[in-house]
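Trainee: Have a look at this one before I ask anything.
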Amino acid sequence: MGLTSNKVLALSVVCAVLLFVGTVWYWPRLARRSWRAVTGRVGLLFATQLMIFSSIGLAANQAFGFYASWADLFGQESGQGVVVDHNAAGSRAGPLQVTDTQEVNVTGGARPQIGGQIQKVDIVGRKTRIASPAFVYLPPEYFQPQYRTRTFPATVVLTGYPGTAQALIKGLHYPQTAHELAKTGKMQPMILVMLRPTVAPPRDTECVNVPGGPQTETFFERDLPDAVMAHYRVGKKPGSWGVIGDSTGGYCALKLAMHHPKVYAAAAGLSPYYTAPIDPTTGDLFHSDTALRNHADLWWCLKYLPPPDTSLLVSSSRVGEANYRSTLKFIGQVQAKGVTRISSIILDSGGHNFNTWRREIPGALQWLSGRLSDR
């Protein structure tokens, strides 16, 4: 049974309840001062608290999508790391392979022409050799005969760290939201490419080209769009691509659009930060390279680089978000440049969590739709 299985959560809750009842029932029998009685009391308390905390942790993981599997939790995940294919030139496999399909959780979702479709894919970067799984949402129009020659705008959707791509579907409801907005005419049909920025798990690379390590920024700037455009009917001209993310994904989204405006015409950062952190999850991202460190600092980019011709959206809340003041400062500095277009979503209150982002995603998707071309 997988880490995110409802059966695992239910089993954990049942065990916690049984241990609690057992502790209450057997406690009088263990009231003596013998070493066996003391050991029994300690064992019951420890086991009960362990199961309670395990149940809470499993529930939180299901709600917020921190880890996708047991291997992911214990840092033993395989198959999602950096792949070096020395025989790539002779390989007949493309950079994107569809491995599974699933319906969108909407009315009529069993038929792609009505509900669209979510495809699970494996992407291998031609330049970086980074391999990453992703989910691609295709709107209903993609399967309708009258649109068979039409290309669609695409938006890369990024999780926070550690995050799971499944959480973008089950927790943040991106495909369902995009389907409803397009159905009601509030946004144009759009392809969503959903994945996490952690392309070399468990390391948090912050979408940086790490010296001697994963070239994460190049993967998102070149390999990912190339792979998707080679497989799907996506607009190939500048202006067809956007990017959105929350937390770490929000920082990555803003940075990608600021560094590569000819690739990403618009970016939405939900609860973003503006400087790549250095901590145990990231390791040494820059290897004492000051230029690389500066390039990853959005404040430095605003101050010293020419303003990029792109559109940015940032979000925060007056109460509950630690980035509120820095977000207002970022808005002001972008406005002062006069070239980059800046918009914002500022809530009265809302924490750094899925509930807050679900409130911001509809507006952010509409905003992105209005800034992307389908050609």
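Convention: chains lettered A, B, ... in structure tokens order; per-chain residue numbering from 1; ligands numbered from 1 as shown.
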Excluding same-chain residues fewer than 3 positions from Arg359 of chain A, what lies within 12 Å of it counting only C-alpha atoms, as an NGL selection string?

Mentor: :A and (172-174 or 177 or 270 or 315-317 or 345-356 or 362-365)

Trainee: Quick one: residues within 8 Å of segment 294-311 of chain A, only C-alpha atoms counted, chain neighbours fewer than 5 positions away excluded, as a list in words?

Mentor: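 What passes the distance filter is Val208, Lys255, Ala257, Met258, His259, Pro261, Tyr264, Ala265, Ala266, Ala267, Tyr274, Thr275, Ala276, Phe330, Gln333, Val334, Lys337, Gly338, Val339, Thr340, Arg341, Ile342, Ser343 and Arg371 of chain A.
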
Trainee: Identify which of the residues A:Thr205, A:Thr128, A:Ser247, A:Thr198 lies closest to Leu224 of chain A, counting only C-alpha atoms when measuring atom-to-atom distances.

Mentor: A:Thr128

Trainee: Skip Pro214 of chain A itself and residues of its chain fewer than 6 positions away, then list as a PyMOL selection string all residues within 12 Å of it, counting only C-alpha atoms.

Mentor: chain A and resi 81-84+125+127-132+197-201+203-208+220+282+285-286

Trainee: Nearest to Ser12 of chain A: which of A:Thr39, A:Gly57, A:Pro139, A:Val24 is it, counting only C-alpha atoms?

Mentor: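 Residue with the minimum atom-to-atom distance to Ser12 of chain A: A:Gly57.
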
Trainee: Excluding Val210 of chain A and its own-chain neighbours fewer than 6 positions away, which residues fall within 9 Å of it when counting only C-alpha atoms? Please give them as a short mmCIF file (atom, residue, chain, number, x, y, z; two decimals) with N, CA and C atoms, in the first residue's frame.

Mentor:
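Saved the output as out.cif:
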data_model
loop_
_atom_site.label_atom_id
_atom_site.label_comp_id
_atom_site.auth_asym_id
_atom_site.auth_seq_id
_atom_site.Cartn_x
_atom_site.Cartn_y
_atom_site.Cartn_z
N THR A 216 19.07 22.57 -13.93
CA THR A 216 17.61 22.63 -13.80
C THR A 216 17.00 23.78 -14.59
N GLU A 217 17.62 24.94 -14.55
CA GLU A 217 17.05 26.08 -15.27
C GLU A 217 17.02 25.80 -16.77
N ASP A 284 25.08 23.14 -1.66
CA ASP A 284 25.78 24.29 -2.23
C ASP A 284 25.36 24.47 -3.68
N LEU A 285 24.46 25.40 -3.92
CA LEU A 285 23.93 25.61 -5.27
C LEU A 285 24.89 26.35 -6.19
N PHE A 286 25.74 27.18 -5.62
CA PHE A 286 26.50 28.11 -6.46
C PHE A 286 28.00 27.84 -6.49
N HIS A 287 28.52 27.05 -5.56
CA HIS A 287 29.94 26.69 -5.55
C HIS A 287 30.83 27.94 -5.61
N LEU A 292 26.67 33.47 -10.56
CA LEU A 292 25.53 32.56 -10.55
C LEU A 292 24.60 32.87 -9.39
#
